[in-house]
Amino acid sequence: MSPGTLHLEGELRTGPVRITVIDYDADHHEERTVTDIAECFPYRDTGTVTWINIDGLANTEVIEKIGHCFSIHPLTLEDLLNTEQRPKMVDMEGYLYLSLKMLSMRKESFEIKVEHVSLIVGPNYLISFQEDVGDVFDPVRERIRREGGRTRKLGPDYLAYALIDDIVDNYFIVMEKIEERVEDLEEELVVSATRESVWKINRLKKDMIFLRKAVWPLREVITGLERVESPLIKESTHIYLRDVYDHTIQVIDTLETLRDMVSGMLDIYLSSLSYRMNEIMKVLTLIATIFIPLTFVAGVYGMNFRYMPELTWEYGYVTIWGVMIVMVVLMLFYFRKRQWI
Amino acid sequence: MSPGTLHLEGELRTGPVRITVIDYDADHHEERTVTDIAECFPYRDTGTVTWINIDGLANTEVIEKIGHCFSIHPLTLEDLLNTEQRPKMVDMEGYLYLSLKMLSMRKESFEIKVEHVSLIVGPNYLISFQEDVGDVFDPVRERIRREGGRTRKLGPDYLAYALIDDIVDNYFIVMEKIEERVEDLEEELVVSATRESVWKINRLKKDMIFLRKAVWPLREVITGLERVESPLIKESTHIYLRDVYDHTIQVIDTLETLRDMVSGMLDIYLSSLSYRMNEIMKVLTLIATIFIPLTFVAGVYGMNFRYMPELTWEYGYVTIWGVMIVMVVLMLFYFRKRQWI
Amino acid sequence: MSPGTLHLEGELRTGPVRITVIDYDADHHEERTVTDIAECFPYRDTGTVTWINIDGLANTEVIEKIGHCFSIHPLTLEDLLNTEQRPKMVDMEGYLYLSLKMLSMRKESFEIKVEHVSLIVGPNYLISFQEDVGDVFDPVRERIRREGGRTRKLGPDYLAYALIDDIVDNYFIVMEKIEERVEDLEEELVVSATRESVWKINRLKKDMIFLRKAVWPLREVITGLERVESPLIKESTHIYLRDVYDHTIQVIDTLETLRDMVSGMLDIYLSSLSYRMNEIMKVLTLIATIFIPLTFVAGVYGMNFRYMPELTWEYGYVTIWGVMIVMVVLMLFYFRKRQWI
Amino acid sequence: MSPGTLHLEGELRTGPVRITVIDYDADHHEERTVTDIAECFPYRDTGTVTWINIDGLANTEVIEKIGHCFSIHPLTLEDLLNTEQRPKMVDMEGYLYLSLKMLSMRKESFEIKVEHVSLIVGPNYLISFQEDVGDVFDPVRERIRREGGRTRKLGPDYLAYALIDDIVDNYFIVMEKIEERVEDLEEELVVSATRESVWKINRLKKDMIFLRKAVWPLREVITGLERVESPLIKESTHIYLRDVYDHTIQVIDTLETLRDMVSGMLDIYLSSLSYRMNEIMKVLTLIATIFIPLTFVAGVYGMNFRYMPELTWEYGYVTIWGVMIVMVVLMLFYFRKRQWI
Amino acid sequence: MSPGTLHLEGELRTGPVRITVIDYDADHHEERTVTDIAECFPYRDTGTVTWINIDGLANTEVIEKIGHCFSIHPLTLEDLLNTEQRPKMVDMEGYLYLSLKMLSMRKESFEIKVEHVSLIVGPNYLISFQEDVGDVFDPVRERIRREGGRTRKLGPDYLAYALIDDIVDNYFIVMEKIEERVEDLEEELVVSATRESVWKINRLKKDMIFLRKAVWPLREVITGLERVESPLIKESTHIYLRDVYDHTIQVIDTLETLRDMVSGMLDIYLSSLSYRMNEIMKVLTLIATIFIPLTFVAGVYGMNFRYMPELTWEYGYVTIWGVMIVMVVLMLFYFRKRQWI
């Protein structure tokens, strides 16, 4: 297939496309859900800030229309449909393209859901593409609705920052959930490691790897935004980008800390198994070393030789009990000395 | 042997050389299979784009003739015959030399086949050298045939990009196959690890190493193409190179993820063995600690002392059974407390 | 919540805010505890150096008032309330913002307490924010009180240096305590490793991770201070910054040394368990291999066959004892040869 | 000892010094073995290229004479006598000094021999110093003898390249031998690991370390030659240096691959031991858990109680055999279920 | 304590201070041991090179006097008293400050002693500070005494080089001793690993860490000396600094090689324990699997059933011996097949 031909990579998702438009400036605010993408196009040439949000990537026709109207390069369209695309920032002619990963954790199953989010930041518009309906951008929408807020006064670059900030804030929540799982598992490993523990460690490791792939490149994305020589990013936005950069570093720090913890878990598991084996072997050895010699003694006097003088002694039986008790006491003394009991 | 003397390094391959020529521009398209390499030379001086593809490196005479006709440096000829040559990009006088690795996976045996591919990008021609007949370039050929497509309009630098893109797209397919193997092996390790598992882990590790050697240097090759100060790479091609660069990074990311998974596998195997050992020892210890003391008791009353009062008691035998049952119950209670059963 | 809205992140702490002001120059020195933050504002416009110290971040109203009076950016206010903020240095308009971590170790429990400290360095003032009452800055206060000292003669940049120096000096003390714990644990591991040892190793590892997160970024903070092109940091202060930088490197070196030691501990623990297992198994094997064959011999002559000639020999019993003693001697000889006893 | 005082570091080698001179230009070629070093000096001022090769470093007088004649700095003389000197390139006044490691593998014992080789590249001469007679430079000598070859036409910088190229080509041969050893050992580890295996792994590891020390710095040496701003390295030689650089990278790649393989070998050895232990324990457990309970049963009916009703039953003996056989069958069934047999 | 207040950090050392002065130029040479530091001050303003060596840092008064006379910054004085100071180079006004670590190894106990050495390099003087009497600088002193040597002709920068060179030369000696210990331990591990081996490995690891801390920063110190833009380091000294830099790299290389070796030792120890455990278990399993079934057979015929036909057979006893011998032979055959014996 020729590069630039549209097709949805990654897992195919069905369902209709939902398009919402928010148009605002300091004094004015309008929110609409449109059914035909063409309704959005007039906003392109107004002086207000327009945020077009598209939920669902299944309908490539819609994507192509937008691409045509906003002069978006075919390679960008391909990237925003590629749900496996890693986070990146590209400075294209007339707009910036941002690819991000939105994380969410299903509460019951602790499964992490990664959603591919694309932002196209133009001179007076921002178009966001998401895989599914439902996102973490409600706080931004709320702030746009509130008159007099900073968001209303500033342009699409600040809006882009606000969306990234929401995504990063959400990372903290996911990270906390994982931290809980890590701590639970750590306790389980020492106290009652089972065969399932290895599975759990493995799943945590994989989750870590996915998080890394989502979070690490974000750092470069934001650095890219700070360094890009484009009129689309205003000087005044830099301080906010720096702030969200700091948060990203904080997320990465936490992630690396968790990775450090998880990476040593299999060793803890192994040492836990080893310890338990030691305990088991101690019990076996104690029992065996005490009773095997005694059984031998009993065996000796169970022999049927005709001439065994001890057997006929009056106190032979009592004596032999005495001998055996002395043997046990000596054994126990020896074990105590070696600190086995 | 003097550097620049031609000889085929790596595994020697026999079989005839197959030469195909595709000559095209926006309006015109011609495809030929030639038997004598000299038939290709006239294309050198036409204004159209010519793609000469050579399958098979065994015939050094052909290589030398091409080298002479297109003024290719002896060191380049040596590199393109060296099938162990790692991927690289060299800016030579009059042309760019690219060395790449084309991967394919034999379906049944899961063996990865690495083929050494060389591209020579000149002002209006591209010469590709492959070890064997059969490649992954059919999509490109298809697009050249289609009139009006981008490929037809652009020069040999875009053609080179398109070939690299095909090679990288193919990496994704190989990677997916390996991912399956990794996941199968992971399950096997926890559920039913055998001696063969170590072999499998080892083979996966080696495959990873080969992939790394093929894929990692590709990054530098593409970066080199972007940075080279040569009129052979047009400004307009840069955006496409950036795109294939992104794909390469994605392949590398996946590869590193897989490596992370494989590198921990021997530990999982060891922990699996350890766990199993624990289970085995538990059974042994249970049986031994229950029956060894009982056997001792039985042994005691199997002794032949003349004076053993218990033996003559009417309920001696029943009593001793009682004692032994109490012992077993106490043992089981103790094991339950230690969570062994 | 909009970025720049004040709220206390991290663990919420209650309790009142305590504000102390130290105002000084070469000739003059004044120390006050104020109850209303407004009392500090007149100091802003005097020519003397003013150090305002705020203990407790619970009262965001106070923070907001200070922010308003000293023209502090909302993002800075947000950072200084975020107790999870990693150490950083930001060059804002009119002031430098420094975020640091103050460590202390609770003597009995060996728990490390990390306190988030923020410094705002202005042209003639320094404002420090701490989470709790109680800090490590008493040496600096003492030196300010002493007339004729360097601290009295120099500006808020030197004061900032002095505070950082105190914090870093305190790191050395914490590090020494940890070193003791590491050495104690190392001995415990070899001599008498128990299940609790794994917990201890784990806790040490986590403490290391927290220390790293506090100490490593400090390096960049100080480098940032040296490189910042701001009139707030005078040339003459650079030499002192270099000095505290060296100390930070020394702390990091020690930290990495300790990390190296701790990272190998689980292996020592495992090898200790393995060694002990070897010892246990040796004892079991000795006892079992000596007594199991003997028991067999005794068992043979406990059989009730009618025709067993040995049983009727006069010296049968003595002979069998002889045989058994020879067997034991041979066994012991074999064990000695294999160096098991 | 003052720096610059000559003495032979590393292992002292005795035996006479052998000096050979090859003098050539495009038209002329002369080869001599000289006994007095002074015979070489006239070549210094001719226009032809002179290659003086010195085998054996024991005679420091010869070295000093050469140093005096060719104005070689005492520190260079010290370096070329120091057989532990790591590969390096120094741009001295009037000449370049190159230190290299020549590898060879003794066929029978697989021992790697490392020989310290020094090259002094002057305007029209090259002096090479080797520890022993015998080297890998015969292909170069052969090419010099052949009239009309590139080597004859170019200067001492090309000669230096040709010598380095020979050394690097030889690395490939050594590497292949090591690869064989690695693969043999890998198979041995899984199939029949013995105590000697650890020794072999260890020796391989050490060999790897020595190779790394010889090969890695070579990269910098060649990069240094490419970057040096000296008229001694002509522009036209750069393309050849790039080529040998690529070969060095290839050697390093192979080396790292081998290192990766060797580094995991001890884990394979351990897992192999663990697996075998599992097998051993399974056998022990099977035997013990089957026969210990049976022995107990036999022991019970070996007791001598006067009143044991079972003993007098007519079918008591047969019944007890039945009970024991049922026990064995149940056991085997249980083991089969746990997949131990 | 205010920064710049003098106090001796690290372990406090007592004992008197010893001051020696060597004053020389090409023609003149004078050596003195002075009791009052003031006697050294006249040398400051002469044209000759003066080397003042101070052994012992206990007397801070002497240090302060020198500091005052030679205008040394309080922070430098603090650094030279801080025996924990890591190696560094500081370009101060009027002098360079160098901090180094001098190593020595106590022959009997193999303990490494680290001594903190400071050099102050001025325009015509060099002051060295050592913790204790006794150093590795005798070769330098000897060369100063020798008239006509390079040392006599050159300035304090060459003297500083010569001292660093002596220190680095001494590192080689220490390194060799450690190499011996590493090799001894390696053999011990495979042949006769005991509990003490872990201690030894641990001590080696710690020694490595200390060496790293002493040697690694030295590289930066020398690079710093080469790059410093100060008239105190003459152009002609650069070539010597480069030489000692090379030696430092060689020390670091050796150190890393040793670290690599030591880091794998615990694994060798573990594998050695594992191997031994295998051997022990094999013996136990052999004995147990041979004799437990036999004992069972003997037990069966020790039962007291009234009706046991075998007991009354004439050849019952012989037959049962035959059965048991066959069992043993079969067992041995099985073990041989599994390669256990």
# chains A, B, ... in the order shown; residues from 1 in each chain; ligands from 1
>>> residues_around(residues="Ile112 in chain A", least_positions_apart="4", cutoff="12 Å", atoms="only C-alpha atoms", output="MDAnalysis selection string")
chainID A and resid 101:108 171 173:175 177:178 203:204 206:211 214
>>> interface_residues(of="chain A", to="chain B", cutoff="7 Å", atoms="only C-alpha atoms", output="list in words")
Met1, Ser2, Arg86, Ile209, Leu270, Leu273, Met277, Ile280, Leu284, Ile287, Phe291, Leu294, Thr295, Ala298, Gly299, Tyr301, Gly302, Leu311, Thr312, Glu314, Gly316 and Tyr317 of chain A
>>> residues_around(residues="range 231-238 of chain C", least_positions_apart="4", cutoff="7 Å", atoms="only C-alpha atoms", output="list in words")
Gly122, Pro123, Asp157, Tyr158, Glu226 and Arg242 of chain C
>>> write_last_selection(atoms="N, CA and C atoms", output="CSV table (one decimal), in the first residue's frame")
chain,number,residue,atom,x,y,z
C,122,GLY,N,15.0,36.4,46.0
C,122,GLY,CA,14.8,37.7,45.3
C,122,GLY,C,16.0,38.6,45.4
C,123,PRO,N,15.9,39.8,44.9
C,123,PRO,CA,17.0,40.7,44.9
C,123,PRO,C,17.5,41.0,46.3
C,157,ASP,N,21.8,35.5,47.8
C,157,ASP,CA,22.3,34.4,47.1
C,157,ASP,C,23.2,33.6,48.0
C,158,TYR,N,24.1,34.3,48.8
C,158,TYR,CA,24.9,33.6,49.7
C,158,TYR,C,24.1,32.9,50.8
C,226,GLU,N,24.6,27.8,39.1
C,226,GLU,CA,25.9,28.3,38.6
C,226,GLU,C,25.8,28.9,37.2
C,242,ARG,N,30.2,26.0,43.8
C,242,ARG,CA,31.1,24.9,43.3
C,242,ARG,C,31.4,23.9,44.5
>>> select_by_dssp(residues="range 43-231 of chain D", states="helix (DSSP H, G or I)", output="ChimeraX atom specification")
/D:43-45,60-69,74-81,138-145,150-153,156-192,195-227
>>> closest_residue(among="A:Asn170, A:Glu84, A:Asn124, A:Gly134", to="Lys213 in chain A", atoms="only C-alpha atoms")
A:Glu84
>>> atom_distance(atom1="CA of Glu188 in chain D", atom2="CA of Val262 in chain D")
13.1 Å
>>> select_by_dssp(residues="range 122-334 of chain A", states="strand (DSSP E or B)", output="PDB file with C-alpha atoms, in the first residue's frame")
ATOM      1  CA  TYR A 125      -7.996  25.693  15.876  1.00  0.00           C
ATOM      2  CA  LEU A 126      -7.137  22.424  17.607  1.00  0.00           C
ATOM      3  CA  ILE A 127      -8.396  19.096  16.335  1.00  0.00           C
ATOM      4  CA  SER A 128      -8.209  16.093  18.645  1.00  0.00           C
ATOM      5  CA  PHE A 129      -8.687  12.509  17.548  1.00  0.00           C
ATOM      6  CA  GLN A 130      -9.484   9.717  19.989  1.00  0.00           C
TER       7      GLN A 130
END
>>> atom_distance(atom1="CA of Leu225 in chain C", atom2="CA of Thr248 in chain C")
13.8 Å
>>> closest_residue(among="B:Val90, B:Ser263, B:His116, B:Leu77", to="Thr223 in chain B", atoms="only C-alpha atoms")
B:Val90
>>> residues_around(residues="Ser99 in chain D", least_positions_apart="5", cutoff="9 Å", atoms="only C-alpha atoms", output="count of residues only")
15
>>> residues_around(residues="Asp25 in chain B", least_positions_apart="6", cutoff="12 Å", atoms="only C-alpha atoms", output="VMD selection string")
chain B and resid 46 to 51 124 to 125 144 to 156 159
